[in-house]
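Student: Contents of protein_6.cif (mmCIF, C-alpha atoms) are below:
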data_run
#
loop_
_atom_site.label_atom_id
_atom_site.label_comp_id
_atom_site.auth_asym_id
_atom_site.auth_seq_id
_atom_site.Cartn_x
_atom_site.Cartn_y
_atom_site.Cartn_z
CA MET A 1 120.43 100.72 473.54
CA VAL A 2 120.54 100.22 469.76
CA ASP A 3 119.71 103.29 467.70
CA ILE A 4 117.30 101.70 465.22
CA LYS A 5 117.31 104.64 462.82
CA ASP A 6 121.11 104.61 462.67
CA LEU A 7 121.08 100.82 462.15
CA LEU A 8 118.55 101.08 459.31
CA ASP A 9 120.47 103.97 457.71
CA ARG A 10 123.68 101.91 457.76
CA GLN A 11 121.85 98.89 456.37
CA SER A 12 120.35 101.01 453.61
CA ARG A 13 123.81 102.41 452.71
CA TRP A 14 125.22 98.86 452.59
CA GLN A 15 122.36 97.69 450.33
CA ARG A 16 122.85 100.67 448.02
CA ALA A 17 126.58 99.88 447.88
CA ARG A 18 125.78 96.34 446.72
CA ALA A 19 123.61 97.77 443.95
CA GLN A 20 126.65 99.75 442.75
CA LEU A 21 128.70 96.59 442.11
CA SER A 22 129.34 95.70 438.47
CA TRP A 23 126.83 93.38 436.78
CA SER A 24 129.55 90.70 436.54
CA GLU A 25 130.18 90.92 440.29
CA LYS A 26 126.47 90.75 441.09
CA LEU A 27 126.13 87.68 438.86
CA ARG A 28 128.99 86.01 440.74
CA LEU A 29 127.16 86.71 444.01
CA ALA A 30 123.97 85.30 442.46
CA GLU A 31 125.87 82.12 441.54
CA ILE A 32 126.93 81.74 445.18
CA LEU A 33 123.34 82.32 446.34
CA ARG A 34 122.16 79.77 443.78
CA SER A 35 124.63 77.11 444.95
CA ALA A 36 123.59 77.69 448.57
CA ALA A 37 119.89 77.44 447.66
CA LEU A 38 120.49 74.16 445.80
CA ILE A 39 122.45 72.66 448.73
CA MET A 40 119.74 73.73 451.19
CA GLY A 41 117.08 72.25 448.88
CA ARG A 42 118.93 68.92 448.74
CA ARG A 43 119.35 68.85 452.54
CA GLN A 44 115.69 69.71 453.03
CA GLY A 45 114.77 66.91 450.60
CA ARG A 46 116.89 64.38 452.52
CA ARG A 47 115.34 65.50 455.82
CA THR A 48 111.82 65.18 454.40
CA ARG A 49 112.58 61.73 453.00
CA SER A 50 114.19 60.48 456.20
CA SER A 51 111.23 61.64 458.32
CA ALA A 52 108.87 60.02 455.80
CA ASP A 53 110.81 56.74 456.22
CA ARG A 54 110.18 56.72 459.96
CA PRO A 55 107.17 54.68 461.12
CA PRO A 56 104.19 56.78 462.23
CA PRO A 57 103.97 57.36 465.99
CA GLU A 58 101.77 54.83 467.79
CA MET B 1 127.62 83.89 432.62
CA LYS B 2 130.36 84.78 430.15
CA ASP B 3 129.79 81.36 428.50
CA VAL B 4 126.11 82.26 428.11
CA ALA B 5 126.98 85.64 426.57
CA THR B 6 129.41 84.05 424.11
CA LEU B 7 126.91 81.35 423.13
CA LEU B 8 124.09 83.86 422.55
CA GLU B 9 126.23 86.12 420.37
CA ALA B 10 127.43 83.08 418.36
CA MET B 11 123.85 81.87 417.96
CA LYS B 12 122.84 85.29 416.64
CA ALA B 13 125.80 85.43 414.24
CA ALA B 14 124.87 81.95 412.93
CA GLY B 15 121.25 83.05 412.30
CA VAL B 16 119.77 80.49 414.70
CA ILE B 17 118.07 83.43 416.43
CA CYS B 18 117.44 86.91 415.05
CA ASP B 19 118.10 88.56 418.38
CA TYR B 20 117.98 87.99 422.12
CA ALA B 21 117.91 89.79 425.45
CA VAL B 22 118.36 88.55 428.99
CA PHE B 23 115.34 89.26 431.20
CA GLY B 24 114.01 88.10 434.59
CA ALA B 25 116.22 88.15 437.68
CA ILE B 26 119.51 88.14 435.76
CA ALA B 27 118.46 91.32 433.97
CA GLN B 28 117.11 92.85 437.17
CA MET B 29 120.53 92.51 438.81
CA ARG B 30 121.98 94.94 436.31
CA TYR B 31 119.81 97.62 437.92
CA THR B 32 119.37 96.55 441.55
CA GLU B 33 121.30 94.69 444.22
CA PRO B 34 121.92 90.94 443.61
CA VAL B 35 118.92 88.62 444.00
CA ALA B 36 118.64 84.84 444.23
CA THR B 37 117.64 82.98 441.08
CA LEU B 38 117.98 79.42 439.87
CA ASP B 39 118.16 80.00 436.12
CA ALA B 40 118.82 82.51 433.37
CA ASP B 41 115.84 83.56 431.23
CA ILE B 42 116.51 84.65 427.66
CA LEU B 43 113.92 86.24 425.39
CA VAL B 44 114.59 85.35 421.75
CA LEU B 45 113.35 86.60 418.39
CA LEU B 46 113.29 83.66 415.98
CA PRO B 47 113.57 83.49 412.19
CA GLU B 48 110.15 83.41 410.46
CA ALA B 49 110.17 79.78 409.28
CA SER B 50 110.80 78.16 412.64
CA GLY B 51 108.39 75.21 412.24
CA LEU B 52 106.20 73.59 414.85
CA ASP B 53 108.83 73.16 417.56
CA VAL B 54 110.18 76.69 417.53
CA LEU B 55 113.00 75.99 419.97
CA ALA B 56 114.33 72.87 418.18
CA PRO B 57 117.04 74.74 416.20
CA ILE B 58 118.33 76.31 419.43
CA TYR B 59 118.49 72.93 421.17
CA ARG B 60 120.23 71.36 418.16
CA TYR B 61 122.78 74.19 418.00
CA CYS B 62 123.53 73.92 421.73
CA GLU B 63 123.76 70.13 421.76
CA ALA B 64 126.21 70.23 418.83
CA ARG B 65 128.44 72.41 421.02
CA GLY B 66 128.21 70.15 424.06
CA TYR B 67 125.52 72.02 425.99
CA ALA B 68 123.06 69.45 427.26
CA PRO B 69 119.36 69.95 428.02
CA GLN B 70 118.49 70.03 431.72
CA GLY B 71 114.73 69.88 432.29
CA GLU B 72 113.20 72.81 430.45
CA ALA B 73 116.58 74.53 430.16
CA ILE B 74 120.00 74.05 428.63
CA ARG B 75 122.97 73.85 430.93
CA VAL B 76 125.61 76.45 429.95
CA GLY B 77 128.53 76.64 432.37
CA ASN B 78 127.04 77.15 435.84
CA TRP B 79 123.63 78.24 434.61
CA PRO B 80 120.52 76.46 433.35
CA VAL B 81 119.39 78.73 430.51
CA GLN B 82 115.73 78.96 429.50
CA PHE B 83 114.94 80.26 426.03
CA ILE B 84 111.57 81.97 425.71
CA PRO B 85 110.36 83.18 422.30
CA ALA B 86 109.06 86.76 422.46
CA PHE B 87 105.36 86.13 423.02
CA ASN B 88 103.69 89.50 422.36
CA THR B 89 104.41 92.99 421.06
CA LEU B 90 105.74 94.09 424.45
CA THR B 91 108.37 91.35 424.71
CA GLY B 92 109.28 91.70 421.03
CA GLU B 93 109.87 95.41 421.48
CA ALA B 94 111.82 94.73 424.69
CA VAL B 95 114.27 92.56 422.72
CA ARG B 96 114.62 95.02 419.82
CA GLU B 97 115.17 97.95 422.22
CA ALA B 98 117.50 96.01 424.55
CA GLU B 99 120.63 97.59 425.98
CA VAL B 100 124.07 96.06 425.62
CA GLY B 101 125.65 95.22 428.95
CA GLU B 102 128.97 93.57 429.65
CA VAL B 103 129.75 90.41 431.60
CA ASP B 104 133.42 89.72 432.26
CA GLY B 105 134.32 91.60 429.09
CA ALA B 106 131.72 89.92 426.86
CA PRO B 107 128.74 91.85 425.45
CA LEU B 108 125.34 90.64 426.64
CA ARG B 109 122.06 92.17 425.49
CA VAL B 110 119.70 92.93 428.36
CA VAL B 111 116.11 94.15 428.59
CA GLY B 112 115.98 97.77 429.77
CA ALA B 113 114.66 98.61 433.23
CA ALA B 114 111.36 100.12 432.01
CA TYR B 115 110.57 97.10 429.80
CA LEU B 116 111.57 94.78 432.62
CA ALA B 117 109.13 96.55 434.94
CA VAL B 118 106.26 96.50 432.42
CA ILE B 119 106.83 92.81 431.54
CA ALA B 120 106.70 92.12 435.29
CA LEU B 121 103.50 94.17 435.50
CA SER B 122 101.95 92.10 432.69
CA VAL B 123 102.85 88.80 434.37
CA GLY B 124 101.66 90.04 437.76
CA ARG B 125 102.84 87.43 440.28
CA PRO B 126 103.93 88.64 443.75
CA LYS B 127 107.61 88.20 442.77
CA ASP B 128 107.01 90.33 439.68
CA HIS B 129 105.51 93.08 441.82
CA LEU B 130 108.57 92.87 444.05
CA ARG B 131 110.76 93.29 440.94
CA ILE B 132 108.95 96.51 439.98
CA LEU B 133 109.34 97.86 443.52
CA SER B 134 113.07 96.97 443.52
CA LEU B 135 113.61 98.76 440.20
CA LEU B 136 111.78 101.84 441.46
CA ASP B 137 113.62 101.77 444.78
CA ALA B 138 116.99 101.52 443.01
CA GLY B 139 116.07 104.59 440.93
CA SER B 140 116.58 102.59 437.72
CA VAL B 141 113.21 103.62 436.32
CA ARG B 142 110.64 106.29 437.13
CA ALA B 143 106.97 105.57 437.82
CA GLU B 144 106.01 107.98 435.00
CA THR B 145 108.11 106.00 432.49
CA ILE B 146 106.45 102.73 433.53
CA ALA B 147 103.02 104.39 433.29
CA ALA B 148 103.70 105.61 429.74
CA LEU B 149 105.06 102.28 428.51
CA ALA B 150 102.25 100.37 430.24
CA ALA B 151 99.69 102.64 428.55
CA ARG B 152 101.25 101.99 425.13
CA HIS B 153 100.79 98.24 425.69
CA GLY B 154 97.25 98.34 427.10
CA LEU B 155 98.33 97.84 430.71
CA SER B 156 97.14 101.13 432.21
CA GLU B 157 94.56 99.48 434.41
CA ARG B 158 97.15 97.06 435.81
CA TRP B 159 99.53 99.92 436.49
CA HIS B 160 96.77 101.91 438.16
CA LEU B 161 95.99 98.98 440.49
CA PHE B 162 99.69 98.39 441.21
CA LYS B 163 100.24 102.07 442.00
CA GLN B 164 97.17 102.20 444.21
CA ARG B 165 98.26 99.09 446.11
CA TYR B 166 101.96 99.78 446.60
CA LEU B 167 102.81 103.40 445.90
CA ASP B 168 99.92 105.68 446.81
CA GLY B 169 99.41 106.75 450.40
#
Step by step, read the file and then write its structure as C-alpha coordinates.
Tutor:
Amino acid sequence: MVDIKDLLDRQSRWQRARAQLSWSEKLRLAEILRSAALIMGRRQGRRTRSSADRPPPE
Amino acid sequence: MKDVATLLEAMKAAGVICDYAVFGAIAQMRYTEPVATLDADILVLLPEASGLDVLAPIYRYCEARGYAPQGEAIRVGNWPVQFIPAFNTLTGEAVREAEVGEVDGAPLRVVGAAYLAVIALSVGRPKDHLRILSLLDAGSVRAETIAALAARHGLSERWHLFKQRYLDG
(Lines of atoms letter the chains of each structure in order from A and count residues from 1; the text may use other names and numbers.)
(Lines give C-alpha, C1' and ligand atoms only; values in the text may rest on other atoms or scores of the structure.)
Protein backbone atom coordinates (compact mmCIF):
# COMPACT_ATOMS: atom_id res chain seq x y z
CA MET A 1 0.00 0.00 0.00
CA VAL A 2 1.23 3.53 -0.81
CA ASP A 3 2.26 5.60 2.17
CA ILE A 4 0.46 8.84 1.30
CA LYS A 5 2.30 10.95 3.85
CA ASP A 6 5.65 9.76 2.53
CA LEU A 7 4.52 10.43 -1.05
CA LEU A 8 3.36 13.96 -0.19
CA ASP A 9 6.58 14.66 1.74
CA ARG A 10 8.67 13.58 -1.26
CA GLN A 11 6.51 15.65 -3.60
CA SER A 12 6.88 18.67 -1.32
CA ARG A 13 10.68 18.24 -1.25
CA TRP A 14 10.74 18.01 -5.07
CA GLN A 15 8.62 21.17 -5.38
CA ARG A 16 10.86 23.04 -2.94
CA ALA A 17 13.90 21.90 -4.95
CA ARG A 18 12.38 23.42 -8.09
CA ALA A 19 11.92 26.70 -6.25
CA GLN A 20 15.68 26.68 -5.51
CA LEU A 21 16.61 26.70 -9.22
CA SER A 22 18.10 29.92 -10.56
CA TRP A 23 15.70 32.48 -12.04
CA SER A 24 17.24 31.87 -15.49
CA GLU A 25 16.58 28.13 -15.18
CA LYS A 26 13.00 28.69 -14.03
CA LEU A 27 12.41 31.03 -16.98
CA ARG A 28 13.70 28.35 -19.35
CA LEU A 29 11.21 25.89 -17.81
CA ALA A 30 8.48 28.52 -18.20
CA GLU A 31 9.36 28.86 -21.89
CA ILE A 32 8.91 25.09 -22.30
CA LEU A 33 5.57 25.24 -20.46
CA ARG A 34 4.54 28.16 -22.66
CA SER A 35 5.39 26.33 -25.90
CA ALA A 36 3.44 23.27 -24.71
CA ALA A 37 0.43 25.43 -23.78
CA LEU A 38 0.47 27.11 -27.21
CA ILE A 39 0.66 23.74 -29.03
CA MET A 40 -2.19 22.35 -26.92
CA GLY A 41 -4.22 25.50 -27.60
CA ARG A 42 -3.70 25.13 -31.36
CA ARG A 43 -4.66 21.43 -31.25
CA GLN A 44 -7.73 22.22 -29.18
CA GLY A 45 -8.67 24.94 -31.70
CA ARG A 46 -8.34 22.51 -34.62
CA ARG A 47 -10.44 19.91 -32.78
CA THR A 48 -13.14 22.49 -32.01
CA ARG A 49 -13.18 23.69 -35.63
CA SER A 50 -13.31 20.18 -37.08
CA SER A 51 -16.22 19.18 -34.83
CA ALA A 52 -17.98 22.44 -35.75
CA ASP A 53 -17.55 21.51 -39.44
CA ARG A 54 -19.39 18.24 -38.95
CA PRO A 55 -23.12 18.29 -39.76
CA PRO A 56 -25.38 18.20 -36.70
CA PRO A 57 -26.67 14.73 -35.77
CA GLU A 58 -30.08 13.94 -37.26
CA MET B 1 14.56 36.51 -21.55
CA LYS B 2 18.11 37.83 -21.83
CA ASP B 3 17.00 39.72 -24.98
CA VAL B 4 14.24 41.34 -22.94
CA ALA B 5 16.68 42.32 -20.18
CA THR B 6 19.10 43.84 -22.69
CA LEU B 7 16.33 45.75 -24.47
CA LEU B 8 14.93 47.17 -21.21
CA GLU B 9 18.32 48.36 -19.99
CA ALA B 10 19.01 49.96 -23.41
CA MET B 11 15.61 51.64 -23.37
CA LYS B 12 16.35 53.08 -19.93
CA ALA B 13 19.80 54.29 -20.99
CA ALA B 14 18.25 55.99 -24.05
CA GLY B 15 15.68 57.80 -21.86
CA VAL B 16 12.68 56.18 -23.56
CA ILE B 17 11.61 55.02 -20.09
CA CYS B 18 12.72 56.38 -16.72
CA ASP B 19 12.72 52.97 -15.12
CA TYR B 20 11.14 49.53 -15.32
CA ALA B 21 10.56 46.36 -13.34
CA VAL B 22 9.31 42.95 -14.35
CA PHE B 23 6.16 41.91 -12.50
CA GLY B 24 3.43 39.25 -12.86
CA ALA B 25 4.32 35.58 -13.31
CA ILE B 26 7.85 36.23 -14.58
CA ALA B 27 8.64 38.13 -11.38
CA GLN B 28 6.88 35.54 -9.24
CA MET B 29 9.19 32.83 -10.57
CA ARG B 30 12.15 34.55 -8.98
CA TYR B 31 10.62 33.68 -5.60
CA THR B 32 8.63 30.49 -6.16
CA GLU B 33 8.76 27.40 -8.34
CA PRO B 34 8.22 27.92 -12.12
CA VAL B 35 4.67 28.71 -13.26
CA ALA B 36 3.05 28.75 -16.69
CA THR B 37 2.62 32.13 -18.36
CA LEU B 38 2.11 33.31 -21.91
CA ASP B 39 3.76 36.73 -21.74
CA ALA B 40 6.13 38.95 -19.82
CA ASP B 41 4.62 41.95 -18.01
CA ILE B 42 6.81 45.01 -17.51
CA LEU B 43 5.87 47.97 -15.33
CA VAL B 44 7.40 51.18 -16.68
CA LEU B 45 7.90 54.70 -15.37
CA LEU B 46 7.67 57.11 -18.31
CA PRO B 47 9.15 60.56 -18.87
CA GLU B 48 6.73 63.38 -17.94
CA ALA B 49 5.90 64.64 -21.44
CA SER B 50 4.75 61.35 -22.90
CA GLY B 51 1.77 62.69 -24.89
CA LEU B 52 -1.60 61.09 -25.47
CA ASP B 53 -0.37 57.65 -26.53
CA VAL B 54 2.02 57.06 -23.68
CA LEU B 55 3.41 53.82 -25.08
CA ALA B 56 4.12 55.16 -28.60
CA PRO B 57 7.81 55.99 -27.91
CA ILE B 58 8.37 52.44 -26.61
CA TYR B 59 6.75 50.91 -29.70
CA ARG B 60 8.77 53.18 -32.00
CA TYR B 61 12.02 52.31 -30.21
CA CYS B 62 11.30 48.57 -30.41
CA GLU B 63 10.20 48.63 -34.05
CA ALA B 64 13.38 50.52 -35.02
CA ARG B 65 15.32 47.59 -33.54
CA GLY B 66 13.31 44.92 -35.33
CA TYR B 67 10.93 43.97 -32.52
CA ALA B 68 7.46 43.76 -34.00
CA PRO B 69 4.14 44.32 -32.22
CA GLN B 70 2.14 41.16 -31.56
CA GLY B 71 -1.39 41.95 -30.39
CA GLU B 72 -1.10 44.08 -27.28
CA ALA B 73 2.54 43.09 -26.82
CA ILE B 74 5.90 43.35 -28.54
CA ARG B 75 7.64 40.16 -29.54
CA VAL B 76 11.17 40.04 -28.07
CA GLY B 77 12.96 36.75 -28.67
CA ASN B 78 10.64 34.00 -27.42
CA TRP B 79 8.45 36.29 -25.34
CA PRO B 80 5.55 38.64 -26.07
CA VAL B 81 6.32 41.60 -23.79
CA GLN B 82 3.55 43.81 -22.43
CA PHE B 83 4.49 47.28 -21.23
CA ILE B 84 2.24 48.68 -18.52
CA PRO B 85 2.77 52.24 -17.26
CA ALA B 86 2.81 52.39 -13.45
CA PHE B 87 -0.83 53.19 -12.75
CA ASN B 88 -0.92 54.24 -9.08
CA THR B 89 1.35 55.06 -6.15
CA LEU B 90 1.73 51.37 -5.29
CA THR B 91 3.01 50.32 -8.72
CA GLY B 92 5.19 53.44 -9.01
CA GLU B 93 6.81 52.64 -5.68
CA ALA B 94 7.19 48.99 -6.71
CA VAL B 95 9.26 50.06 -9.74
CA ARG B 96 11.40 52.55 -7.78
CA GLU B 97 12.07 49.99 -5.02
CA ALA B 98 12.63 47.07 -7.43
CA GLU B 99 15.43 44.57 -6.89
CA VAL B 100 18.03 43.77 -9.51
CA GLY B 101 17.99 40.14 -10.56
CA GLU B 102 20.08 38.40 -13.15
CA VAL B 103 19.01 36.44 -16.22
CA ASP B 104 21.76 34.56 -18.05
CA GLY B 105 24.28 37.13 -16.85
CA ALA B 106 22.19 40.20 -17.74
CA PRO B 107 20.73 42.48 -15.03
CA LEU B 108 16.94 42.61 -14.93
CA ARG B 109 14.98 44.76 -12.49
CA VAL B 110 12.19 42.87 -10.75
CA VAL B 111 9.40 43.86 -8.38
CA GLY B 112 10.12 42.65 -4.84
CA ALA B 113 8.07 39.84 -3.33
CA ALA B 114 6.12 42.07 -0.91
CA TYR B 115 5.15 44.54 -3.65
CA LEU B 116 4.26 41.65 -5.94
CA ALA B 117 1.94 40.26 -3.27
CA VAL B 118 0.28 43.63 -2.55
CA ILE B 119 -0.18 44.41 -6.28
CA ALA B 120 -1.82 40.98 -6.58
CA LEU B 121 -3.99 41.81 -3.56
CA SER B 122 -5.09 45.07 -5.21
CA VAL B 123 -6.02 43.33 -8.48
CA GLY B 124 -7.79 40.53 -6.63
CA ARG B 125 -8.52 37.86 -9.28
CA PRO B 126 -8.34 34.18 -8.23
CA LYS B 127 -4.94 33.83 -9.95
CA ASP B 128 -3.68 36.84 -8.00
CA HIS B 129 -4.78 35.24 -4.74
CA LEU B 130 -2.94 32.09 -5.79
CA ARG B 131 0.19 34.22 -6.38
CA ILE B 132 0.04 35.61 -2.84
CA LEU B 133 -0.37 32.10 -1.41
CA SER B 134 2.58 30.83 -3.49
CA LEU B 135 4.81 33.67 -2.27
CA LEU B 136 3.84 33.00 1.34
CA ASP B 137 4.28 29.25 0.92
CA ALA B 138 7.74 29.74 -0.58
CA GLY B 139 8.71 31.87 2.44
CA SER B 140 9.57 34.79 0.13
CA VAL B 141 7.46 37.23 2.11
CA ARG B 142 5.84 37.26 5.55
CA ALA B 143 2.16 37.93 6.16
CA GLU B 144 3.12 40.79 8.51
CA THR B 145 5.13 42.49 5.74
CA ILE B 146 2.20 42.24 3.32
CA ALA B 147 -0.15 43.60 6.01
CA ALA B 148 2.08 46.62 6.64
CA LEU B 149 2.55 47.45 2.96
CA ALA B 150 -1.15 46.90 2.25
CA ALA B 151 -2.04 49.28 5.10
CA ARG B 152 0.28 51.96 3.68
CA HIS B 153 -1.60 51.76 0.37
CA GLY B 154 -5.15 51.67 1.76
CA LEU B 155 -5.61 47.94 1.23
CA SER B 156 -6.04 46.81 4.84
CA GLU B 157 -9.62 45.73 4.33
CA ARG B 158 -8.66 43.61 1.31
CA TRP B 159 -5.83 42.02 3.25
CA HIS B 160 -8.14 41.34 6.18
CA LEU B 161 -10.62 39.56 3.88
CA PHE B 162 -7.84 37.61 2.15
CA LYS B 163 -6.36 36.53 5.48
CA GLN B 164 -9.76 35.53 6.81
CA ARG B 165 -10.53 33.50 3.68
CA TYR B 166 -7.23 31.72 3.12
CA LEU B 167 -5.00 31.92 6.18
CA ASP B 168 -7.06 31.97 9.36
CA GLY B 169 -8.37 28.75 10.83
Student: Apply the PyMOL selection byres ((chain A) within 8 of (chain B)) to the structure shown and report the selected residues as a ChimeraX atom specification.
Tutor: /A:15-16,18-24,26-27,29-31,33-34
Student: Using only C-alpha atoms, can you tell me which of B:Ile132, B:Ala21, B:Val76, B:Leu121 comes closest to Glu63 (chain B)?
Tutor: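 Closest candidate: B:Val76.
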Student: List every protein, DNA or RNA residue that has at least one atom no more than 10 Å from (110.2, 90.6, 425.1) in the file's coordinates, counting all atoms listed in the file, and write the result as a list in words.
Tutor: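 The residues near that point, listed by chain and number, are Tyr20, Ala21, Val22, Phe23, Ile42, Leu43, Val44, Leu45, Ile84, Pro85, Ala86, Phe87, Asn88, Thr89, Leu90, Thr91, Gly92, Glu93, Ala94, Val95, Arg96, Glu97, Ala98, Val111, Tyr115, Leu116 and Ile119 of chain B.
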Student: Could you list as a PDB file with C-alpha atoms, keeping the file's coordinate frame every residue that has an atom within 10 Å of (97.5, 99.9, 436.2), using the file's coordinates and counting only C-alpha atoms?
Tutor:
ATOM      1  CA  LEU B 121     103.500  94.170 435.500  1.00  0.00           C
ATOM      2  CA  SER B 122     101.950  92.100 432.690  1.00  0.00           C
ATOM      3  CA  ILE B 146     106.450 102.730 433.530  1.00  0.00           C
ATOM      4  CA  ALA B 147     103.020 104.390 433.290  1.00  0.00           C
ATOM      5  CA  ALA B 150     102.250 100.370 430.240  1.00  0.00           C
ATOM      6  CA  ALA B 151      99.690 102.640 428.550  1.00  0.00           C
ATOM      7  CA  GLY B 154      97.250  98.340 427.100  1.00  0.00           C
ATOM      8  CA  LEU B 155      98.330  97.840 430.710  1.00  0.00           C
ATOM      9  CA  SER B 156      97.140 101.130 432.210  1.00  0.00           C
ATOM     10  CA  GLU B 157      94.560  99.480 434.410  1.00  0.00           C
ATOM     11  CA  ARG B 158      97.150  97.060 435.810  1.00  0.00           C
ATOM     12  CA  TRP B 159      99.530  99.920 436.490  1.00  0.00           C
ATOM     13  CA  HIS B 160      96.770 101.910 438.160  1.00  0.00           C
ATOM     14  CA  LEU B 161      95.990  98.980 440.490  1.00  0.00           C
ATOM     15  CA  PHE B 162      99.690  98.390 441.210  1.00  0.00           C
ATOM     16  CA  LYS B 163     100.240 102.070 442.000  1.00  0.00           C
ATOM     17  CA  GLN B 164      97.170 102.200 444.210  1.00  0.00           C
ATOM     18  CA  ARG B 165      98.260  99.090 446.110  1.00  0.00           C
TER      19      ARG B 165
END
Student: What gap, in Å, lies between CA of Arg42 (chain A) and CA of Pro80 (chain B)?
Tutor: 17.2 Å
Student: Quick one, how far is CA of Lys12 (chain B) from CA of Ala113 (chain B)?
Tutor: 22.8 Å
Student: Identify which of the residues B:Ala14, B:Asp3, B:Arg109, B:Lys127 lies closest to Gly77 (chain B), counting all atoms listed in the file when measuring atom-to-atom distances.
Tutor: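 Ranked by minimum distance to Gly77 (chain B), first place goes to B:Asp3.
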Student: CA of Val141 (chain B) to CA of Val4 (chain B): how many Å, to one decimal?
Tutor: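 Going from CA of Val141 (chain B) over to CA of Val4 (chain B) covers 26.3 Å.
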Student: Restricting the calculation to only C-alpha atoms, which member of B:Gln82, B:Thr6, B:Thr145, B:Ser134 is positioned closest to Leu55 (chain B)?
Tutor: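 Using only C-alpha atoms, Leu55 (chain B) sits closest to B:Gln82.
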Student: Taking all atoms of region 136-150 of chain B that the file lists and extending 8 Å past them on each side, where is the centre of the axis-aligned box and how long are its edges? Answer in Å to one decimal, as AutoDock Vina command-line options.
Tutor:
--center_x 109.6 --center_y 104.2 --center_z 436.6 --size_x 30.7 --size_y 23.6 --size_z 32.3
Student: Determine, counting all atoms listed in the file, which protein, DNA and RNA residues have an atom within 9 Å of an atom of region 56-60 of chain B; residues of the same chain fewer than 5 positions away are not included. Present the result as a list in words.
Tutor: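 The filter keeps Met11, Val16, Ile17, Ser50, Gly51, Arg65, Tyr67, Ala68, Pro69, Ile74 and Phe83 of chain B.
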